[in-house]
Structure formats: C-alpha cells, structure tokens
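What's in model_39.cif: mmCIF, C-alpha atoms
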data_run
loop_
_atom_site.label_atom_id
_atom_site.label_comp_id
_atom_site.auth_asym_id
_atom_site.auth_seq_id
_atom_site.Cartn_x
_atom_site.Cartn_y
_atom_site.Cartn_z
CA MET A 37 4.63 28.56 -0.68
CA ALA A 38 3.77 29.46 -4.27
CA ALA A 39 1.76 26.98 -6.32
CA LYS A 40 1.56 26.61 -10.07
CA LYS A 41 -1.40 28.42 -11.52
CA GLY A 42 -4.43 26.14 -11.55
CA SER A 43 -3.02 23.57 -9.10
CA PRO A 44 -3.69 23.39 -5.37
CA PRO A 45 -0.73 24.11 -3.11
CA LYS A 46 1.05 21.06 -1.73
CA SER A 47 0.79 20.43 1.98
CA THR A 48 3.92 21.02 3.97
CA LEU A 49 2.49 18.71 6.65
CA PRO A 50 2.18 15.26 5.03
CA PRO A 51 0.47 13.69 8.13
CA VAL A 52 -2.43 16.13 7.67
CA ARG A 53 -5.11 14.81 5.32
CA SER A 54 -7.14 17.99 5.51
CA ALA A 55 -7.55 21.15 7.53
CA THR A 56 -10.39 23.61 7.56
CA VAL A 57 -10.61 26.97 9.26
CA LEU A 58 -13.91 28.49 10.27
CA ARG A 59 -14.23 32.00 11.57
CA GLN A 60 -16.85 32.53 14.24
CA TRP A 61 -17.59 36.13 14.90
CA PRO A 62 -16.54 38.15 16.75
CA SER A 63 -13.19 36.68 17.78
CA THR A 64 -12.98 32.90 17.37
CA LEU A 65 -11.26 30.67 14.83
CA VAL A 66 -12.11 26.96 14.73
CA ILE A 67 -9.47 24.79 13.09
CA ASP A 68 -10.45 21.23 12.21
CA VAL A 69 -7.53 18.93 11.37
CA VAL A 70 -7.96 15.40 9.99
CA GLU A 71 -4.84 13.27 10.25
CA ARG A 72 -3.90 10.57 7.77
CA THR A 73 -4.32 6.98 8.92
CA ALA A 74 -1.79 4.39 7.81
CA VAL A 75 -3.12 1.32 6.01
CA ALA A 76 0.22 -0.25 5.02
CA ALA A 77 3.95 -0.17 5.69
CA VAL A 78 6.32 -0.14 2.72
CA PRO A 79 9.86 -1.36 3.50
CA THR A 80 12.68 0.91 2.39
CA GLY A 81 16.07 -0.32 3.52
CA GLU A 82 16.03 -0.44 7.32
CA ARG A 83 12.88 1.70 7.62
CA PHE A 84 9.22 1.62 6.67
CA ARG A 85 7.21 4.29 4.86
CA LEU A 86 3.63 4.50 6.07
CA ILE A 87 0.96 5.10 3.42
CA ASP A 88 -2.70 6.00 3.75
CA ASP A 89 -5.65 4.65 1.77
CA GLN A 90 -4.91 7.13 -1.03
CA GLY A 91 -1.27 6.03 -1.39
CA VAL A 92 0.22 9.12 0.26
CA VAL A 93 3.50 8.45 2.06
CA PHE A 94 3.24 10.55 5.20
CA ARG A 95 5.68 9.15 7.74
CA THR A 96 8.83 7.02 7.94
CA VAL A 97 9.40 4.77 10.96
CA ARG A 98 12.16 2.42 12.14
CA ALA A 99 9.92 -0.59 12.74
CA ARG A 100 6.75 -1.78 11.04
CA PRO A 101 3.75 -1.32 13.31
CA ASP A 102 2.30 -4.76 14.13
CA THR A 103 -1.15 -3.71 13.00
CA LEU A 104 -0.07 -2.76 9.47
CA PRO A 105 0.47 -5.13 6.55
CA ARG A 106 3.82 -5.05 4.75
CA VAL A 107 3.46 -4.04 1.10
CA ARG A 108 6.40 -4.13 -1.32
CA LEU A 109 6.11 -1.29 -3.82
CA ASP A 110 8.82 0.41 -5.86
CA LYS A 111 7.42 3.94 -5.73
CA PRO A 112 4.33 4.34 -3.56
CA ALA A 113 2.35 7.41 -4.57
CA PRO A 114 -1.29 8.45 -5.05
CA ASP A 115 -0.86 8.62 -8.83
CA ASP A 116 1.00 5.29 -9.13
CA PRO A 117 -1.22 2.59 -10.72
CA THR A 118 0.66 -0.18 -8.87
CA THR A 119 0.06 1.52 -5.52
CA GLN A 120 -3.63 1.95 -6.29
CA ALA A 121 -3.97 -1.72 -7.33
CA ALA A 122 -2.29 -2.87 -4.10
CA LEU A 123 -4.58 -0.66 -2.02
CA ARG A 124 -7.66 -2.09 -3.75
CA VAL A 125 -6.52 -5.61 -2.85
CA LEU A 126 -5.76 -4.69 0.77
CA ALA A 127 -9.21 -3.15 1.13
CA VAL A 128 -11.02 -6.42 0.32
CA LEU A 129 -8.91 -9.04 2.07
CA THR A 130 -10.94 -11.34 4.28
CA PRO A 131 -10.01 -11.39 7.98
CA THR A 132 -8.45 -14.84 7.44
CA LEU A 133 -6.24 -13.65 4.56
CA ARG A 134 -5.28 -10.48 6.43
CA GLY A 135 -4.39 -12.55 9.49
CA ARG A 136 -2.09 -14.80 7.48
CA LEU A 137 -0.58 -12.06 5.28
CA VAL A 138 3.18 -11.64 5.54
CA THR A 139 3.71 -9.38 2.51
CA LEU A 140 1.66 -8.11 -0.40
CA ILE A 141 4.06 -7.85 -3.33
CA ALA A 142 3.06 -5.39 -6.05
CA GLU A 143 5.44 -5.52 -9.01
CA SER A 144 3.00 -3.86 -11.41
CA PRO A 145 -0.77 -3.26 -11.56
CA THR A 146 -1.18 -6.73 -13.11
CA ARG A 147 1.43 -8.61 -11.03
CA LEU A 148 0.18 -8.74 -7.47
CA ARG A 149 0.68 -11.62 -5.05
CA LEU A 150 0.29 -12.39 -1.38
CA GLU A 151 2.94 -14.14 0.66
CA LEU A 152 1.23 -15.85 3.58
CA THR A 153 2.31 -17.67 6.71
CA GLY A 154 2.97 -21.37 6.22
CA ASP A 155 4.92 -20.74 2.99
CA LYS A 156 1.75 -20.20 0.96
CA THR A 157 1.58 -17.79 -1.95
CA VAL A 158 -1.58 -16.43 -3.56
CA VAL A 159 -1.04 -15.27 -7.15
CA TRP A 160 -3.54 -12.43 -7.46
CA GLY A 161 -2.83 -11.01 -10.90
CA ASP A 162 -4.56 -7.64 -11.27
CA SER A 163 -6.96 -6.00 -8.85
CA GLU A 164 -10.07 -6.76 -10.94
CA GLU A 165 -12.62 -9.00 -9.20
CA SER A 166 -10.65 -8.71 -5.96
CA ASP A 167 -13.73 -9.42 -3.81
CA LYS A 168 -14.22 -12.73 -5.59
CA LYS A 169 -10.50 -13.55 -5.51
CA ALA A 170 -10.40 -12.95 -1.76
CA ARG A 171 -13.34 -15.29 -1.14
CA VAL A 172 -11.92 -18.03 -3.38
CA ALA A 173 -8.40 -17.79 -1.93
CA THR A 174 -9.77 -17.96 1.61
CA ALA A 175 -11.77 -21.09 0.78
CA LEU A 176 -8.65 -22.81 -0.59
CA LEU A 177 -6.15 -21.91 2.14
CA ASP A 178 -6.27 -25.32 3.82
CA ARG A 179 -5.75 -27.30 0.61
CA ALA A 180 -2.44 -29.07 0.01
CA GLY A 181 0.06 -27.11 -2.05
CA THR A 182 1.96 -23.88 -1.63
CA VAL A 183 0.61 -21.77 -4.51
CA ILE A 184 -2.99 -20.71 -5.02
CA ASP A 185 -3.54 -18.90 -8.33
CA VAL A 186 -6.71 -16.80 -8.27
CA SER A 187 -5.66 -14.48 -11.08
CA VAL A 188 -8.65 -15.84 -13.01
CA PRO A 189 -11.04 -16.56 -10.14
CA ASP A 190 -13.34 -18.81 -12.22
CA VAL A 191 -10.40 -21.08 -13.14
CA VAL A 192 -8.31 -21.42 -9.98
CA THR A 193 -5.25 -23.63 -9.66
CA VAL A 194 -3.60 -24.95 -6.52
CA GLY A 195 -0.13 -26.45 -6.66
#

Would you encode the structure as structure tokens?
Amino acid sequence: MAAKKGSPPKSTLPPVRSATVLRQWPSTLVIDVVERTAVAAVPTGERFRLIDDQGVVFRTVRARPDTLPRVRLDKPAPDDPTTQAALRVLAVLTPTLRGRLVTLIAESPTRLRLELTGDKTVVWGDSEESDKKARVATALLDRAGTVIDVSVPDVVTVG
C-alpha cells in the first residue's frame, strides 16, 4: 500500500495496535504483535463499534460486550475532539459511577453527560477537572433528585 510522502502507512489490520519485526541471525524472525483493547462500545444501528483508548474503531460486533460501557458518539475517531473528551471522562470514572453507568453521551467536547441506573443523569460539561467531577458526582449519587450537575465542580446542583 502506498502512503503519502511524509505520512506513515495506514494499517490494514485495525485490531493491531502495533507490530515489530526483529531479525535474529542467522535464520530467525521474531514478530511481536500488540492487539488493541476495547474500552467502549459505540452503538451504530443494530451493531456496536468497539474503540480503544486512543479512539480507534477496530471492530464491529452484534452485541455490546457486558464489560464495556456504551458511549454515544457521532463520529468516533482518534482525531475527533468529542471522542477524546469522552475517553478522558471514561478513564477517571470511580468504580461506583462505572458500575451505575448506562450510557456516556458525548454531543460535543463541552456537552458530556452520564446516564446512570435509577434514572439519574450527571451533567458533566467538558472533560476539564474530570477527576474532581467524578469524586463529587459519586458523593452525591444517593441524594434525592434525578440530575446532578458537576459541570462546575465547585458549584454543584442536584435537582
């Protein structure tokens, strides 16, 4: 496959994160392959696209694996700011939030929210201060109300 001058060639094997080949004299080749690991499932019609921690879509499956969170994204891709913001949020969710997560909805880099079990919604805003937002949201999960707004984590509202 020919690549544009100055750019690396694209992989024809999306599930492969990297591959290295080492020649050991006199007659051995060692090939080391690192596979991508899914961190989220993005619904697309009746199927789910699996993405890794870089936002690379590398496999499409019929059913969402139970171990993967559902993330609604328009166009998941490594260079998509919305995808990157959603991945930053997923990476810092507390075990409690992750356990109650139904869907992370990413409409734009500044419009992120979590839909949780029990009809609770956490308005996240952008991915800035996500560590703090995760801690605050977790602390407020058992409060009355259905919406927890941690978009400004120093001024939280519950309604």

Practice task
Report the distance between CA of Ser187 (chain A) and CA of Ala74 (chain A) in Å, rounded to one decimal place.
Solution key: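 It comes out at 27.0 Å.
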
Practice task
Run the PyMOL selection byres ((chain A and resi 148) around 9) against the file shown and list the residues it catches, as JSON, numbers by chain.
Solution key: {"A": [118, 121, 122, 125, 140, 141, 142, 143, 144, 145, 146, 147, 149, 150, 158, 159, 160, 161, 162, 163, 187]}

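Minimum atom-to-atom distance to Arg98 (chain A), evaluated using all atoms listed in the file, belongs to A:Thr80 out of A:Gln120, A:Ser63, A:Thr80, A:Ser166.
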
Practice task
Work out how far CA of Thr73 (chain A) is from CA of Arg108 (chain A), in Å to one decimal.
Solution key: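 Distance between the two atoms: 18.5 Å.
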
Handout entry: Protein/DNA/RNA residues near (2.4, 4.7, 9.7), cut 12 Å, only C-alpha atoms, as an NGL selection string
Key = :A and (50-51 or 71-79 or 83-89 or 91-106)

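The gap separating CA of Leu152 (chain A) from CA of Val183 (chain A) is 10.0 Å, in Å to one decimal.
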
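When only C-alpha atoms are used to compute distances to Val172 (chain A), the closest of the residues A:Leu49, A:Val138, A:Val70, A:Leu133 turns out to be A:Leu133.
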
Exercise for the section: May I ask which of the residues A:Thr174, A:Thr119, A:Leu65, A:Thr157 is the closest one to Thr132 (chain A), counting all atoms listed in the file? Expected result: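 Checking each candidate against Thr132 (chain A), we get A:Thr174 as the closest.
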
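In terms of minimum interatomic distance to Glu165 (chain A), A:Arg124 ranks closest within A:Arg179, A:Lys111, A:Arg124, A:Arg134, counting only C-alpha atoms.
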